[in-house]
Amino acid sequence: MALAPSDYHHFLAADFGWEDRFYLVGYANAEKDWPYAMPGPADEWGGTGNTSGIRSQVLNILFGLENVALKNKGTLIIDVLDYQGKLPPLVKVMVNGKASTTQLPVREHKEGSLKGDLTHAKSYKLAIPVENLRNGGNEIQLTSRLKKSDGSWFPDFDPFKSGANEDYVEGNAWQLTYFVPQDIPGLIKKIGKDRFTDRLSWGFGESYKLRFNAPGDQYWDYPVIQGNQQSMHFAYLFNWAEKPWLTQKWSRSILDRFYGYGPANAYLDDEDQGQMSAWFIMNAIGLFQTDGGAGVNPIYEIGSPIFSKVTIHLNELYGRGKSFTIEAAKASRA
């Protein structure tokens, strides 16, 4: 195996500490493509620098099926060679997006062995409902939960209940999943374009009901919160997923719902040293930068201007000419 007994120090060399690898049944080679060990909360060899032991490693198994029989059920057998007995992991199994979990028990044998001692090996059988399987390609993901600061595993991880300034500050795992402004194409490739946009669309639909505002500043209870920085680029992510009409729809929706357009309206939440107003101005003229202008070759993204014509006076500063004009002849709230 890629991490044969006593060879776990090759974990990083085999790239398992930095990327979640996959095993393609019938094609992959277990000696090269399958790590037999997953890092626990105290395993510094788990990779990714200071996040060793915190980041959840994911093992991906891909396989094909022909003629799935509706009357049958599948069984997934996981052979666990050993684990940390004092801090046992919660193993999560995803079969084509349907999740189940198995909590391994606490036991007297406290230290997991990486030296080939199979004394404590045990098989765990998990039933797979046939409706979770499909003809053609299937995917199984194995992972273990995050850890708390005391080294214990989270008993149940909810991406929306992972905030409250405990696991994440002023945010939750759902929101922070989309906070990769330096490499949006890479994020889309990792998640998958359809899943990427479907999740975002769902989040905007839910948050629309609350004017994209978190009552009581509970940022972590809702998906898209305009009053908090990690959500402010979400509407423009659709551009990167080749669905610009959704960027136009939701960026304009935020203007209407969060900021308002009548004389009695005012935007919600904390101004945060001008960020709320600055976002409004950029969005109103139809320009935005997901990476905040930090790229070597900055990219301005197009949204939905509310003005038919806007002229920005550059005054020939920085070699950029006298002015820049944006025209949107049919600008409309419709």
# chains A, B, ... in the order shown; residues from 1 in each chain; ligands from 1
>>> residues_around(residues="Ala235 (chain A)", least_positions_apart="2", cutoff="9 Å", atoms="only C-alpha atoms", output="list in words")
Leu200, Phe204, Ser231, Met232, His233, Leu237, Phe238, Asn239, Leu246, Thr247, Gln248, Lys249, Trp250, Ser251, Ile254 and Gly303 of chain A
>>> closest_residue(among="A:Leu255, A:Ala328, A:Leu90, A:Ala28", to="Val106 (chain A)", atoms="only C-alpha atoms")
A:Leu90
>>> select_by_dssp(residues="region 205-296 of chain A", states="alpha helix (DSSP H)", output="PyMOL selection string")
chain A and resi 205-208+237-240+244-254+275-285
>>> write_last_selection(atoms="C-alpha atoms", output="tab-separated table (two decimals), in the first residue's frame")
chain	number	residue	atom	x	y	z
A	205	GLY	CA	-33.04	31.81	-2.19
A	206	GLU	CA	-33.03	31.16	1.55
A	207	SER	CA	-31.33	34.42	2.48
A	208	TYR	CA	-33.62	36.49	0.23
A	237	LEU	CA	-19.15	33.74	-8.18
A	238	PHE	CA	-21.80	32.76	-10.75
A	239	ASN	CA	-19.79	34.67	-13.38
A	240	TRP	CA	-16.90	32.27	-12.84
A	244	PRO	CA	-23.58	35.47	-15.53
A	245	TRP	CA	-27.38	35.90	-15.50
A	246	LEU	CA	-27.38	34.62	-11.92
A	247	THR	CA	-24.71	37.15	-10.96
A	248	GLN	CA	-26.92	39.86	-12.46
A	249	LYS	CA	-30.03	38.54	-10.72
A	250	TRP	CA	-28.62	38.21	-7.22
A	251	SER	CA	-26.35	41.26	-7.20
A	252	ARG	CA	-29.38	43.37	-8.13
A	253	SER	CA	-31.51	41.51	-5.58
A	254	ILE	CA	-29.08	42.47	-2.82
A	275	GLN	CA	-17.16	48.53	3.24
A	276	MET	CA	-20.96	48.38	2.96
A	277	SER	CA	-21.06	51.69	1.05
A	278	ALA	CA	-18.09	50.79	-1.14
A	279	TRP	CA	-19.74	47.51	-2.15
A	280	PHE	CA	-22.93	49.38	-3.03
A	281	ILE	CA	-21.08	51.85	-5.25
A	282	MET	CA	-19.12	49.19	-7.12
A	283	ASN	CA	-22.18	47.01	-7.57
A	284	ALA	CA	-24.34	49.97	-8.66
A	285	ILE	CA	-21.98	50.80	-11.53
>>> atom_distance(atom1="CA of Arg333 (chain A)", atom2="CA of Pro185 (chain A)")
29.6 Å
>>> closest_residue(among="A:Asp256, A:Asp198, A:Glu108, A:Asp291", to="Asp183 (chain A)", atoms="only C-alpha atoms")
A:Asp291
>>> select_by_dssp(residues="region 123-253 of chain A", states="strand (DSSP E or B)", output="list in words")
Ser123, Tyr124, Lys125, Leu126, Ala127, Ile128, Gly136, Gly137, Asn138, Glu139, Ile140, Gln141, Leu142, Thr143, Ser144, Lys147 and Trp153 of chain A
>>> write_last_selection(atoms="C-alpha atoms", output="CSV table (one decimal), in the first residue's frame")
chain,number,residue,atom,x,y,z
A,123,SER,CA,-14.5,-4.9,10.2
A,124,TYR,CA,-17.5,-2.6,10.2
A,125,LYS,CA,-20.4,-3.4,7.9
A,126,LEU,CA,-22.6,-0.5,6.7
A,127,ALA,CA,-25.8,-1.2,4.7
A,128,ILE,CA,-26.1,0.8,1.5
A,136,GLY,CA,-22.9,3.9,-14.2
A,137,GLY,CA,-20.6,6.0,-12.1
A,138,ASN,CA,-20.7,5.9,-8.3
A,139,GLU,CA,-18.7,7.5,-5.6
A,140,ILE,CA,-17.9,6.7,-2.0
A,141,GLN,CA,-16.2,9.2,0.3
A,142,LEU,CA,-14.6,8.2,3.6
A,143,THR,CA,-13.6,10.9,6.1
A,144,SER,CA,-13.4,11.7,9.8
A,147,LYS,CA,-11.5,18.1,16.3
A,153,TRP,CA,-13.7,14.9,17.8
>>> residues_around(residues="region 307-319 of chain A", least_positions_apart="6", cutoff="9 Å", atoms="only C-alpha atoms", output="ChimeraX atom specification")
/A:284-286,325-332
>>> residues_around(residues="Trp220 (chain A)", least_positions_apart="2", cutoff="6 Å", atoms="only C-alpha atoms", output="number ranges by chain")
A: 160, 163, 171-172, 218, 222
>>> write_last_selection(atoms="all heavy atoms", output="mmCIF file, in the first residue's frame")
data_model
loop_
_atom_site.group_PDB
_atom_site.id
_atom_site.type_symbol
_atom_site.label_atom_id
_atom_site.label_comp_id
_atom_site.auth_asym_id
_atom_site.auth_seq_id
_atom_site.Cartn_x
_atom_site.Cartn_y
_atom_site.Cartn_z
ATOM 1 N N PHE A 160 -23.875 24.755 9.183
ATOM 2 C CA PHE A 160 -24.483 26.014 9.606
ATOM 3 C C PHE A 160 -24.313 26.263 11.099
ATOM 4 O O PHE A 160 -24.389 27.403 11.543
ATOM 5 C CB PHE A 160 -25.970 26.044 9.252
ATOM 6 C CG PHE A 160 -26.203 26.298 7.799
ATOM 7 C CD1 PHE A 160 -26.607 25.281 6.975
ATOM 8 C CD2 PHE A 160 -25.998 27.541 7.251
ATOM 9 C CE1 PHE A 160 -26.806 25.490 5.628
ATOM 10 C CE2 PHE A 160 -26.197 27.774 5.898
ATOM 11 C CZ PHE A 160 -26.590 26.747 5.093
ATOM 12 N N GLY A 163 -20.429 27.873 13.443
ATOM 13 C CA GLY A 163 -19.935 29.225 13.681
ATOM 14 C C GLY A 163 -19.996 29.585 15.142
ATOM 15 O O GLY A 163 -19.338 28.971 15.975
ATOM 16 N N GLY A 171 -18.877 33.470 11.009
ATOM 17 C CA GLY A 171 -19.160 32.738 9.787
ATOM 18 C C GLY A 171 -19.370 31.269 10.098
ATOM 19 O O GLY A 171 -19.302 30.850 11.255
ATOM 20 N N ASN A 172 -19.628 30.483 9.062
ATOM 21 C CA ASN A 172 -19.768 29.044 9.245
ATOM 22 C C ASN A 172 -19.084 28.318 8.088
ATOM 23 O O ASN A 172 -18.553 28.937 7.164
ATOM 24 C CB ASN A 172 -21.250 28.646 9.348
ATOM 25 C CG ASN A 172 -22.058 29.032 8.125
ATOM 26 O OD1 ASN A 172 -21.595 28.927 6.986
ATOM 27 N ND2 ASN A 172 -23.287 29.478 8.340
ATOM 28 N N GLN A 218 -26.423 36.984 14.006
ATOM 29 C CA GLN A 218 -26.097 35.553 14.034
ATOM 30 C C GLN A 218 -25.668 35.128 12.628
ATOM 31 O O GLN A 218 -26.379 34.425 11.912
ATOM 32 C CB GLN A 218 -27.304 34.744 14.508
ATOM 33 C CG GLN A 218 -27.849 35.171 15.855
ATOM 34 C CD GLN A 218 -26.822 35.026 16.968
ATOM 35 O OE1 GLN A 218 -26.331 33.926 17.238
ATOM 36 N NE2 GLN A 218 -26.498 36.114 17.641
ATOM 37 N N TYR A 222 -27.229 31.480 8.719
ATOM 38 C CA TYR A 222 -27.799 31.708 7.394
ATOM 39 C C TYR A 222 -26.687 31.606 6.357
ATOM 40 O O TYR A 222 -25.522 31.833 6.650
ATOM 41 C CB TYR A 222 -28.479 33.077 7.333
ATOM 42 C CG TYR A 222 -29.466 33.278 8.464
ATOM 43 C CD1 TYR A 222 -29.059 33.877 9.654
ATOM 44 C CD2 TYR A 222 -30.773 32.827 8.362
ATOM 45 C CE1 TYR A 222 -29.946 34.025 10.704
ATOM 46 C CE2 TYR A 222 -31.659 32.976 9.405
ATOM 47 C CZ TYR A 222 -31.247 33.578 10.583
ATOM 48 O OH TYR A 222 -32.116 33.717 11.622
#
>>> residues_around(residues="Pro129 (chain A)", least_positions_apart="2", cutoff="6 Å", atoms="only C-alpha atoms", output="list of chain:residue names")
A:Lys73, A:Glu131, A:Asn132
